[in-house]
file input11.txt (compact mmCIF, C-alpha atoms and all ligand atoms)
# COMPACT_ATOMS: atom_id res chain seq x y z
CA MET A 1 39.30 -13.16 1.86
CA SER A 2 38.64 -11.32 5.12
CA SER A 3 35.34 -11.89 6.87
CA ARG A 4 32.71 -9.25 6.32
CA PRO A 5 31.49 -7.17 9.26
CA ASP A 6 28.00 -7.85 10.62
CA LEU A 7 25.61 -5.27 9.16
CA GLY A 8 23.21 -5.53 12.11
CA PRO A 9 19.39 -5.55 11.99
CA LYS A 10 17.79 -4.64 8.66
CA PRO A 11 16.69 -1.00 8.64
CA SER A 12 13.35 -0.03 7.12
CA LEU A 13 12.99 1.63 3.74
CA GLY A 14 11.60 5.19 3.61
CA TYR A 15 8.27 6.36 2.10
CA THR A 16 6.72 2.87 2.08
CA PRO A 17 4.56 1.00 3.08
CA SER A 18 1.69 3.42 3.72
CA PRO A 19 -0.47 3.00 6.82
CA LEU A 20 -3.44 4.57 4.99
CA ASP A 21 -6.29 2.93 3.11
CA ARG A 22 -6.48 5.07 -0.04
CA ALA A 23 -10.27 4.50 -0.20
CA ALA A 24 -10.40 5.54 -3.85
CA ASP A 25 -14.17 4.93 -3.94
CA LYS A 26 -14.68 8.00 -1.70
CA ARG A 27 -12.79 10.44 -3.95
CA GLY A 28 -15.78 11.32 -6.11
CA ASP A 29 -18.35 11.56 -3.31
CA GLU A 30 -18.44 15.18 -2.16
CA ALA A 31 -20.90 14.56 0.69
CA VAL A 32 -18.75 11.76 2.14
CA LEU A 33 -15.59 13.86 1.78
CA ALA A 34 -17.22 16.88 3.47
CA ALA A 35 -18.33 14.64 6.35
CA LEU A 36 -14.83 13.15 6.67
CA MET A 37 -13.27 16.61 6.75
CA ALA A 38 -15.80 17.89 9.31
CA ASP A 39 -15.12 14.91 11.61
CA LYS A 40 -13.03 15.81 14.68
CA ARG A 41 -10.65 12.91 13.92
CA ALA A 42 -9.68 14.31 10.50
CA SER A 43 -6.16 15.60 10.02
CA ALA A 44 -3.98 17.16 7.34
CA TYR A 45 -0.38 17.57 6.28
CA ILE A 46 0.66 21.04 5.15
CA ILE A 47 3.08 21.28 2.23
CA GLY A 48 4.41 24.38 0.53
CA GLY A 49 6.40 23.37 -2.55
CA GLU A 50 9.48 21.58 -1.16
CA MET A 51 8.68 22.57 2.43
CA ILE A 52 6.82 20.47 4.99
CA VAL A 53 5.25 22.16 8.02
CA ALA A 54 5.45 20.30 11.36
CA LYS A 55 4.69 21.07 15.01
CA LYS A 56 7.52 20.80 17.49
CA ILE A 57 6.48 18.36 20.23
CA ALA A 58 8.29 16.77 23.16
CA GLY A 59 10.98 14.50 21.72
CA GLY A 60 10.39 15.29 18.03
CA ASN A 61 8.04 16.82 15.48
CA ASP A 62 4.48 16.07 14.40
CA PRO A 63 3.57 16.88 10.78
CA LEU A 64 -0.15 16.17 11.28
CA PHE A 65 -2.56 19.03 12.07
CA ALA A 66 -6.24 19.14 12.98
CA ILE A 67 -8.18 20.58 10.01
CA SER A 68 -8.89 23.85 11.87
CA GLU A 69 -5.20 24.20 12.82
CA ALA A 70 -4.17 23.54 9.21
CA ARG A 71 -6.60 26.14 7.86
CA ALA A 72 -5.30 28.73 10.33
CA LEU A 73 -1.74 28.26 9.02
CA GLY A 74 -2.39 29.29 5.43
CA ALA A 75 -4.85 29.30 2.55
CA ALA A 76 -4.71 25.94 0.77
CA HIS A 77 -4.77 26.06 -3.03
CA ALA A 78 -5.40 22.30 -3.06
CA ALA A 79 -6.92 19.93 -0.48
CA LEU A 80 -6.18 16.32 -1.43
CA PHE A 81 -7.86 13.29 0.08
CA LEU A 82 -4.95 10.95 0.87
CA GLY A 83 -6.96 8.14 2.44
CA LEU A 84 -8.32 6.77 5.69
CA ASP A 85 -6.48 6.11 8.94
CA SER A 86 -9.00 3.64 10.40
CA GLU A 87 -12.14 5.75 9.94
CA ALA A 88 -10.49 9.17 10.07
CA GLY A 89 -9.86 11.07 6.85
CA ARG A 90 -6.35 12.26 6.17
CA PHE A 91 -5.74 15.14 3.80
CA GLY A 92 -2.88 16.99 2.15
CA PHE A 93 -3.13 20.79 2.03
CA GLY A 94 -0.99 22.62 -0.50
CA ILE A 95 0.01 26.16 0.39
CA ASP A 96 2.39 28.52 -1.43
CA GLN A 97 6.07 27.87 -0.73
CA THR A 98 6.49 31.52 0.27
CA ALA A 99 3.67 31.11 2.83
CA ALA A 100 5.44 28.03 4.23
CA GLU A 101 8.80 29.84 4.34
CA ALA A 102 7.10 32.73 6.20
CA LEU A 103 6.11 30.31 8.99
CA LYS A 104 9.81 29.78 9.81
CA ILE A 105 9.59 32.67 12.30
CA ARG A 106 7.22 30.59 14.45
CA PRO A 107 9.25 28.96 17.27
CA ASP A 108 6.63 26.21 17.70
CA LEU A 109 6.93 25.03 14.07
CA LEU A 110 9.57 23.20 12.06
CA ILE A 111 9.64 24.11 8.34
CA THR A 112 12.02 22.00 6.31
CA ASP A 113 12.25 19.84 3.18
CA LEU A 114 11.11 16.22 3.02
CA ARG A 115 14.58 14.90 2.14
CA SER A 116 15.99 16.31 5.41
CA ILE A 117 12.97 15.04 7.35
CA ALA A 118 13.47 11.51 5.98
CA THR A 119 17.25 11.23 6.23
CA GLN A 120 17.43 12.82 9.69
CA GLY A 121 14.37 11.01 11.08
CA LEU A 122 12.69 14.30 12.07
CA VAL A 123 9.17 12.78 12.17
CA ALA A 124 7.85 9.29 12.98
CA PRO A 125 8.53 7.01 9.97
CA GLU A 126 4.82 6.17 9.44
CA HIS A 127 4.30 9.76 8.23
CA LEU A 128 6.78 9.41 5.34
CA PRO A 129 4.50 7.44 2.96
CA PRO A 130 1.49 9.83 3.18
CA LEU A 131 3.86 12.82 3.03
CA ALA A 132 5.37 11.33 -0.14
CA GLU A 133 1.88 10.78 -1.57
CA ALA A 134 0.83 14.36 -0.81
CA LYS A 135 4.07 15.98 -1.97
CA ALA A 136 4.15 14.08 -5.28
CA MET A 137 0.47 14.88 -5.95
CA LEU A 138 0.94 18.58 -5.16
CA ALA A 139 4.00 18.69 -7.44
CA TRP A 140 1.86 17.22 -10.22
CA HIS A 141 -0.89 19.79 -9.65
CA ALA A 142 1.63 22.64 -9.67
CA ARG A 143 2.84 21.57 -13.13
CA HIS A 144 -0.56 20.74 -14.66
CA ARG A 145 -2.71 23.80 -14.12
CA PHE A 146 -3.29 24.06 -17.86
CA CYS A 147 -4.62 21.44 -20.25
CA SER A 148 -1.85 19.75 -22.23
CA ALA A 149 -4.32 19.11 -25.07
CA CYS A 150 -5.74 22.63 -25.59
CA GLY A 151 -4.05 25.02 -23.14
CA ALA A 152 -7.17 26.00 -21.15
CA SER A 153 -7.07 26.27 -17.34
CA THR A 154 -8.08 22.95 -15.70
CA ASP A 155 -10.14 22.22 -12.57
CA ILE A 156 -9.27 19.92 -9.66
CA VAL A 157 -11.84 17.09 -9.27
CA GLU A 158 -12.01 13.72 -7.46
CA ALA A 159 -10.47 15.20 -4.26
CA GLY A 160 -7.28 15.96 -6.16
CA TRP A 161 -6.97 12.70 -8.11
CA ARG A 162 -7.91 14.18 -11.47
CA ARG A 163 -7.92 17.50 -13.34
CA ASP A 164 -10.61 18.13 -15.93
CA CYS A 165 -10.46 20.57 -18.81
CA PRO A 166 -13.76 22.51 -19.13
CA ALA A 167 -12.88 23.55 -22.71
CA CYS A 168 -12.02 20.25 -24.44
CA LYS A 169 -13.31 17.84 -21.75
CA THR A 170 -9.99 15.97 -21.45
CA SER A 171 -9.39 14.34 -18.05
CA HIS A 172 -5.81 14.42 -16.72
CA PHE A 173 -4.59 11.92 -14.13
CA PRO A 174 -1.64 12.24 -11.71
CA ARG A 175 1.44 10.58 -13.11
CA THR A 176 4.46 8.92 -11.61
CA ASP A 177 7.75 8.60 -13.46
CA PRO A 178 9.43 5.16 -13.40
CA VAL A 179 13.17 5.19 -12.69
CA VAL A 180 15.31 2.06 -12.71
CA ILE A 181 18.01 1.92 -10.03
CA MET A 182 20.39 -0.99 -10.31
CA LEU A 183 23.47 -2.68 -9.01
CA ALA A 184 25.56 -4.40 -11.69
CA ILE A 185 27.40 -7.38 -10.23
CA ASP A 186 30.58 -9.08 -11.40
CA GLY A 187 30.99 -11.99 -8.97
CA GLU A 188 32.52 -10.52 -5.80
CA ARG A 189 32.48 -6.96 -7.15
CA CYS A 190 29.71 -4.43 -7.78
CA LEU A 191 29.57 -1.25 -9.83
CA LEU A 192 28.91 2.04 -8.02
CA GLY A 193 28.94 5.54 -9.41
CA ARG A 194 29.02 9.13 -8.25
CA SER A 195 26.84 11.94 -9.49
CA ARG A 196 28.12 15.50 -9.14
CA ARG A 197 25.05 16.16 -6.95
CA PHE A 198 26.25 13.66 -4.32
CA ALA A 199 27.99 14.55 -1.07
CA ALA A 200 31.76 14.36 -1.55
CA SER A 201 32.32 10.82 -0.29
CA MET A 202 29.10 9.09 -1.39
CA TRP A 203 28.84 6.31 -3.99
CA SER A 204 25.58 4.71 -5.08
CA CYS A 205 23.77 2.56 -7.63
CA LEU A 206 23.41 3.83 -11.19
CA ALA A 207 19.89 4.98 -12.10
CA GLY A 208 17.89 6.47 -14.93
CA PHE A 209 14.39 7.10 -16.26
CA VAL A 210 12.59 4.33 -18.10
CA GLU A 211 11.89 5.49 -21.66
CA PRO A 212 8.64 5.00 -23.60
CA GLY A 213 8.43 1.57 -25.21
CA GLU A 214 11.01 0.07 -22.85
CA SER A 215 10.77 -2.66 -20.19
CA PHE A 216 12.47 -2.25 -16.79
CA GLU A 217 15.01 -4.89 -17.80
CA GLU A 218 15.85 -3.07 -21.02
CA ALA A 219 16.16 0.25 -19.17
CA VAL A 220 18.58 -1.34 -16.65
CA ARG A 221 20.78 -2.66 -19.47
CA ARG A 222 20.64 0.56 -21.49
CA GLU A 223 21.43 2.89 -18.58
CA THR A 224 24.32 0.72 -17.36
CA ARG A 225 25.78 0.59 -20.87
CA GLU A 226 25.27 4.33 -21.49
CA GLU A 227 26.63 5.56 -18.16
CA ALA A 228 29.45 3.08 -17.53
CA GLY A 229 29.98 1.14 -20.77
CA VAL A 230 29.14 -2.15 -19.02
CA THR A 231 26.95 -4.74 -20.75
CA CYS A 232 24.48 -6.56 -18.49
CA GLY A 233 22.71 -9.88 -19.02
CA ARG A 234 20.31 -11.19 -16.40
CA VAL A 235 18.27 -8.51 -14.55
CA VAL A 236 16.40 -9.43 -11.35
CA TYR A 237 13.77 -7.20 -9.75
CA PHE A 238 14.44 -6.47 -6.06
CA ALA A 239 11.88 -3.94 -4.70
CA SER A 240 10.38 -0.54 -5.50
CA GLN A 241 10.04 2.74 -3.63
CA PRO A 242 8.01 5.91 -4.13
CA TRP A 243 10.46 8.80 -4.53
CA PRO A 244 8.61 12.13 -4.32
CA PHE A 245 11.37 14.30 -5.89
CA PRO A 246 9.27 15.35 -7.57
CA MET A 247 7.16 12.28 -8.46
CA SER A 248 9.16 9.17 -9.29
CA LEU A 249 8.88 5.48 -8.61
CA MET A 250 12.26 3.80 -8.07
CA ILE A 251 12.44 0.25 -9.43
CA GLY A 252 15.34 -1.52 -7.72
CA CYS A 253 17.15 -4.31 -9.59
CA HIS A 254 20.30 -6.40 -9.52
CA ALA A 255 21.98 -7.05 -12.86
CA GLU A 256 24.63 -9.54 -13.96
CA ALA A 257 27.57 -7.77 -15.60
CA LEU A 258 28.79 -9.54 -18.74
CA THR A 259 31.66 -7.09 -19.31
CA THR A 260 33.82 -5.22 -16.78
CA GLU A 261 35.76 -2.60 -18.71
CA LEU A 262 34.45 0.87 -17.85
CA LYS A 263 33.71 3.61 -20.35
CA ILE A 264 32.23 6.36 -18.23
CA ASP A 265 29.89 9.03 -19.57
CA TYR A 266 31.23 12.04 -17.69
CA THR A 267 28.22 14.15 -18.65
CA GLU A 268 26.11 11.80 -16.47
CA LEU A 269 28.59 10.68 -13.82
CA GLU A 270 31.53 12.20 -12.00
CA ASN A 271 33.04 8.72 -11.64
CA ALA A 272 32.25 4.99 -11.47
CA ARG A 273 34.27 1.97 -10.36
CA TRP A 274 34.09 -1.60 -9.11
CA PHE A 275 34.00 -2.24 -5.35
CA ASP A 276 34.41 -5.55 -3.51
CA ARG A 277 31.97 -6.79 -0.88
CA GLU A 278 34.18 -6.07 2.14
CA GLU A 279 34.70 -2.48 1.09
CA VAL A 280 30.99 -1.93 0.41
CA ALA A 281 30.06 -3.43 3.82
CA LEU A 282 32.30 -0.82 5.48
CA MET A 283 30.66 1.91 3.38
CA LEU A 284 27.17 0.83 4.50
CA LEU A 285 28.37 0.87 8.12
CA ARG A 286 30.13 4.25 7.61
CA ARG A 287 33.41 2.67 8.78
CA HIS A 288 35.32 2.90 5.49
CA PRO A 289 38.99 3.82 6.18
CA GLU A 290 38.92 6.58 3.53
CA GLY A 291 35.50 7.83 4.67
CA LEU A 292 33.62 6.60 1.59
CA GLY A 293 29.89 6.11 2.17
CA ALA A 294 26.75 4.60 0.65
CA PRO A 295 23.22 6.11 0.67
CA PRO A 296 21.31 6.09 4.00
CA PRO A 297 18.73 3.35 4.82
CA VAL A 298 15.83 5.64 3.85
CA ALA A 299 16.86 5.16 0.19
CA ILE A 300 16.32 1.95 -1.78
CA ALA A 301 19.93 2.05 -3.03
CA HIS A 302 21.07 1.17 0.51
CA HIS A 303 18.86 -1.95 0.49
CA ILE A 304 19.86 -3.02 -3.04
CA ILE A 305 23.53 -2.77 -2.08
CA ARG A 306 23.04 -4.43 1.31
CA ALA A 307 21.19 -7.40 -0.19
CA TRP A 308 24.18 -8.08 -2.44
CA VAL A 309 26.70 -7.68 0.43
CA GLU A 310 24.70 -10.25 2.43
CA GLU A 311 23.72 -12.68 -0.33
CA GLY A 312 26.35 -12.21 -3.04
CA ARG A 313 25.41 -13.78 -6.37
CA GLY A 314 22.30 -15.19 -4.67
CA VAL A 315 20.51 -11.92 -5.49
CA LEU A 316 20.66 -12.88 -9.19
CA ARG A 317 18.65 -16.08 -8.73
ZN ZN B 1 -8.36 21.05 -22.84

call {"tool": "encode", "arguments": {"input": "input11.txt", "output": "structure tokens", "more": "lines below"}}
Ligand SMILES: [Zn+2]
result
Amino acid sequence: MSSRPDLGPKPSLGYTPSPLDRAADKRGDEAVLAALMADKRASAYIIGGEMIVAKKIAGGNDPLFAISEARALGAAHAALFLGLDSEAGRFGFGIDQTAAEALKIRPDLLITDLRSIATQGLVAPEHLPPLAEAKAMLAWHARHRFCSACGASTDIVEAGWRRDCPACKTSHFPRTDPVVIMLAIDGERCLLGRSRRFAASMWSCLAGFVEPGESFEEAVRRETREEAGVTCGRVVYFASQPWPFPMSLMIGCHAEALTTELKIDYTELENARWFDREEVALMLLRRHPEGLGAPPPVAIAHHIIRAWVEEGRGVLR
């Protein structure tokens, strides 16, 4: 066996951990929130659907605006309290996507989607977690304007952390959708797949939504069997990551493959196959001779795959 290339220092994962204290006890206190927003140190992110608004600054972009600057850029249909940065309140302002798109004519602003911002490192990494928090919350609000119990229009309360129905009095809370993302391992080989949505040369972990009444471990086994026909035994939790597209939580796992014959579900995947550790190391480093690649470090898949390249079967302990 050839020796594996050195993968270098461990990169950090995107969208976590957050530098903010969520200070949930302040969400229901309108006087405290008004004082926080009136404070000169307060700041806000501006999000219009998929688009993030940022200021161009020397050497990069800054997505954080003073409250007065943020208000001048567009009427917010929602102002969320994201948490405290030391003592300063940080907010998320939701504007219409068309209003955000219209700001593209401003040469001093960058208007682009969060995926591009994260993968291209367009803002300082500490902004990614609160941007993910704000974007996921605004996506939830956009889809929950009406009560799912009675159909009446609902009101935003608790600084954006709840919607109440004035007609039937039901309270609705922001939700996050759990997704398992896993690497099935057969000794010195791992199973990677390709979705039709992927860039032409990219291979990644299999993934799928956790279903009601299912544990993470069961979801890992079911998705791997459904998508690739592989039966898994032991499942070991690795790490999780908020994934605000639109509001998921990725639950990263390694799984021990008990079978290796593939039976691919081509409605879910374009392809899947086994890769050995040397080949996957070159894919992580973007030095694969055929140009095959793995997801970038901002995504948890990169870290799940890298941990196996470095530790082998040790990840299943
Ligand atoms: Zn209702």

call {"tool": "residues_around", "arguments": {"input": "input11.txt", "residues": "A:Ile304", "least_positions_apart": "4", "cutoff": "9 Å", "atoms": "all atoms listed in the file", "output": "number ranges by chain"}}
result
A: 181-183, 205, 238-239, 252-254, 300, 308-309

call {"tool": "residues_near_point", "arguments": {"input": "input11.txt", "point": "(6.6, 31.8, 10.2)", "cutoff": "12 Å", "atoms": "all atoms listed in the file", "output": "list in words"}}
result
Val53, Ala54, Lys55, Leu73, Gly74, Gln97, Thr98, Ala99, Ala100, Glu101, Ala102, Leu103, Lys104, Ile105, Arg106, Pro107, Asp108, Leu109, Leu110, Ile111 and Thr112 of chain A

call {"tool": "residues_near_ligand", "arguments": {"input": "input11.txt", "ligand": "ligand ZN 1 (chain B)", "cutoff": "7 Å", "atoms": "only C-alpha atoms and all ligand atoms", "output": "PyMOL selection string"}}
result
chain A and resi 147-152+165-170

call {"tool": "residues_around", "arguments": {"input": "input11.txt", "residues": "A:Ala88", "least_positions_apart": "2", "cutoff": "6 Å", "atoms": "only C-alpha atoms", "output": "list in words"}}
result
Arg41, Ala42, Leu84, Asp85 and Ser86 of chain A

call {"tool": "residues_around", "arguments": {"input": "input11.txt", "residues": "stretch 126-135 of chain A", "least_positions_apart": "4", "cutoff": "7 Å", "atoms": "only C-alpha atoms", "output": "tab-separated table (two decimals) with C-alpha atoms, keeping the file's coordinate frame"}}
result
chain	number	residue	atom	x	y	z
A	14	GLY	CA	11.60	5.19	3.61
A	15	TYR	CA	8.27	6.36	2.10
A	16	THR	CA	6.72	2.87	2.08
A	17	PRO	CA	4.56	1.00	3.08
A	18	SER	CA	1.69	3.42	3.72
A	19	PRO	CA	-0.47	3.00	6.82
A	47	ILE	CA	3.08	21.28	2.23
A	82	LEU	CA	-4.95	10.95	0.87
A	92	GLY	CA	-2.88	16.99	2.15
A	139	ALA	CA	4.00	18.69	-7.44
A	244	PRO	CA	8.61	12.13	-4.32

call {"tool": "residues_around", "arguments": {"input": "input11.txt", "residues": "stretch 212-219 of chain A", "least_positions_apart": "2", "cutoff": "10 Å", "atoms": "only C-alpha atoms", "output": "VMD selection string"}}
result
chain A and resid 178 to 182 207 to 210 221 to 225 232 to 237 251 to 255

call {"tool": "write_last_selection", "arguments": {"input": "input11.txt", "atoms": "C-alpha atoms", "output": "mmCIF file, keeping the file's coordinate frame"}}
result
data_model
loop_
_atom_site.group_PDB
_atom_site.id
_atom_site.type_symbol
_atom_site.label_atom_id
_atom_site.label_comp_id
_atom_site.auth_asym_id
_atom_site.auth_seq_id
_atom_site.Cartn_x
_atom_site.Cartn_y
_atom_site.Cartn_z
ATOM 1 C CA PRO A 178 9.430 5.160 -13.400
ATOM 2 C CA VAL A 179 13.170 5.190 -12.690
ATOM 3 C CA VAL A 180 15.310 2.060 -12.710
ATOM 4 C CA ILE A 181 18.010 1.920 -10.030
ATOM 5 C CA MET A 182 20.390 -0.990 -10.310
ATOM 6 C CA ALA A 207 19.890 4.980 -12.100
ATOM 7 C CA GLY A 208 17.890 6.470 -14.930
ATOM 8 C CA PHE A 209 14.390 7.100 -16.260
ATOM 9 C CA VAL A 210 12.590 4.330 -18.100
ATOM 10 C CA ARG A 221 20.780 -2.660 -19.470
ATOM 11 C CA ARG A 222 20.640 0.560 -21.490
ATOM 12 C CA GLU A 223 21.430 2.890 -18.580
ATOM 13 C CA THR A 224 24.320 0.720 -17.360
ATOM 14 C CA ARG A 225 25.780 0.590 -20.870
ATOM 15 C CA CYS A 232 24.480 -6.560 -18.490
ATOM 16 C CA GLY A 233 22.710 -9.880 -19.020
ATOM 17 C CA ARG A 234 20.310 -11.190 -16.400
ATOM 18 C CA VAL A 235 18.270 -8.510 -14.550
ATOM 19 C CA VAL A 236 16.400 -9.430 -11.350
ATOM 20 C CA TYR A 237 13.770 -7.200 -9.750
ATOM 21 C CA ILE A 251 12.440 0.250 -9.430
ATOM 22 C CA GLY A 252 15.340 -1.520 -7.720
ATOM 23 C CA CYS A 253 17.150 -4.310 -9.590
ATOM 24 C CA HIS A 254 20.300 -6.400 -9.520
ATOM 25 C CA ALA A 255 21.980 -7.050 -12.860
#

call {"tool": "residues_around", "arguments": {"input": "input11.txt", "residues": "A:Leu262", "least_positions_apart": "2", "cutoff": "10 Å", "atoms": "only C-alpha atoms", "output": "list in words"}}
result
Leu191, Arg225, Glu227, Ala228, Gly229, Val230, Thr231, Thr259, Thr260, Ile264, Asp265, Ala272, Arg273 and Trp274 of chain A

call {"tool": "residues_near_point", "arguments": {"input": "input11.txt", "point": "(23.2, 1.3, 2.9)", "cutoff": "10 Å", "atoms": "all atoms listed in the file", "output": "PyMOL selection string"}}
result
chain A and resi 7+10-11+204+280-286+293-307+309

call {"tool": "closest_residue", "arguments": {"input": "input11.txt", "among": "A:Cys190, A:Ile67, A:Ile52, A:Val157", "to": "A:Leu122", "atoms": "only C-alpha atoms"}}
result
A:Ile52

call {"tool": "atom_distance", "arguments": {"input": "input11.txt", "atom1": "atom CA of A:Gly314", "atom2": "atom CA of A:Leu206"}}
result
20.1 Å

call {"tool": "atom_distance", "arguments": {"input": "input11.txt", "atom1": "atom CA of A:Phe245", "atom2": "atom CA of A:Ile117"}}
result
13.4 Å

call {"tool": "closest_residue", "arguments": {"input": "input11.txt", "among": "A:Gly83, A:Pro5, A:Gly48, A:Gly60", "to": "A:Asp96", "atoms": "all atoms listed in the file"}}
result
A:Gly48

call {"tool": "atom_distance", "arguments": {"input": "input11.txt", "atom1": "atom CA of A:Glu270", "atom2": "atom CA of A:Trp203"}}
result
10.3 Å

call {"tool": "closest_residue", "arguments": {"input": "input11.txt", "among": "A:Val220, A:Val315, A:Leu33, A:Ala75", "to": "A:Met250", "atoms": "all atoms listed in the file"}}
result
A:Val220

call {"tool": "closest_residue", "arguments": {"input": "input11.txt", "among": "A:Gly193, A:Gly89, A:Pro9, A:Gly94", "to": "A:Ala23", "atoms": "only C-alpha atoms"}}
result
A:Gly89

call {"tool": "closest_residue", "arguments": {"input": "input11.txt", "among": "A:Ala124, A:Ala257, A:Gly160, A:Ala199", "to": "A:Asp62", "atoms": "all atoms listed in the file"}}
result
A:Ala124

call {"tool": "closest_residue", "arguments": {"input": "input11.txt", "among": "A:Arg90, A:Arg313, A:Arg163, A:Lys263", "to": "A:Arg22", "atoms": "all atoms listed in the file"}}
result
A:Arg90

call {"tool": "decode", "arguments": {"input": "input11.txt", "residues": "stretch 130-145 of chain A", "atoms": "N, CA, C and O atoms", "output": "compact mmCIF listing (two decimals), in the first residue's frame"}}
result
# COMPACT_ATOMS: atom_id res chain seq x y z
N PRO A 130 -24.08 33.08 12.87
CA PRO A 130 -25.28 33.93 13.00
C PRO A 130 -26.00 34.15 11.68
O PRO A 130 -27.23 34.32 11.66
N LEU A 131 -25.27 34.14 10.55
CA LEU A 131 -25.96 34.25 9.25
C LEU A 131 -26.82 33.01 9.00
O LEU A 131 -27.94 33.10 8.50
N ALA A 132 -26.30 31.84 9.40
CA ALA A 132 -27.07 30.60 9.25
C ALA A 132 -28.32 30.65 10.13
O ALA A 132 -29.41 30.27 9.71
N GLU A 133 -28.13 31.14 11.36
CA GLU A 133 -29.27 31.26 12.30
C GLU A 133 -30.34 32.17 11.69
O GLU A 133 -31.52 31.81 11.64
N ALA A 134 -29.92 33.34 11.22
CA ALA A 134 -30.88 34.31 10.68
C ALA A 134 -31.54 33.79 9.41
O ALA A 134 -32.76 33.89 9.24
N LYS A 135 -30.76 33.20 8.52
CA LYS A 135 -31.31 32.74 7.24
C LYS A 135 -32.32 31.61 7.46
O LYS A 135 -33.40 31.60 6.85
N ALA A 136 -31.98 30.66 8.34
CA ALA A 136 -32.90 29.55 8.59
C ALA A 136 -34.19 30.04 9.23
O ALA A 136 -35.29 29.61 8.88
N MET A 137 -34.05 30.99 10.18
CA MET A 137 -35.25 31.54 10.84
C MET A 137 -36.13 32.28 9.85
O MET A 137 -37.36 32.13 9.87
N LEU A 138 -35.51 33.09 8.98
CA LEU A 138 -36.30 33.85 8.01
C LEU A 138 -36.98 32.92 7.01
O LEU A 138 -38.11 33.17 6.58
N ALA A 139 -36.31 31.83 6.66
CA ALA A 139 -36.92 30.85 5.75
C ALA A 139 -38.14 30.21 6.41
O ALA A 139 -39.17 29.98 5.77
N TRP A 140 -38.03 29.95 7.73
CA TRP A 140 -39.17 29.40 8.46
C TRP A 140 -40.34 30.39 8.47
O TRP A 140 -41.48 30.04 8.18
N HIS A 141 -40.03 31.66 8.77
CA HIS A 141 -41.09 32.68 8.78
C HIS A 141 -41.78 32.79 7.42
O HIS A 141 -43.00 32.91 7.34
N ALA A 142 -40.97 32.75 6.36
CA ALA A 142 -41.54 32.91 5.01
C ALA A 142 -42.53 31.80 4.69
O ALA A 142 -43.48 32.01 3.92
N ARG A 143 -42.34 30.61 5.28
CA ARG A 143 -43.21 29.47 4.98
C ARG A 143 -44.30 29.26 6.03
O ARG A 143 -45.07 28.31 5.92
N HIS A 144 -44.35 30.09 7.06
CA HIS A 144 -45.31 29.86 8.15
C HIS A 144 -46.10 31.11 8.50
O HIS A 144 -46.35 31.38 9.66
N ARG A 145 -46.51 31.84 7.45
CA ARG A 145 -47.26 33.07 7.71
C ARG A 145 -48.69 32.75 8.13
O ARG A 145 -49.36 33.55 8.74
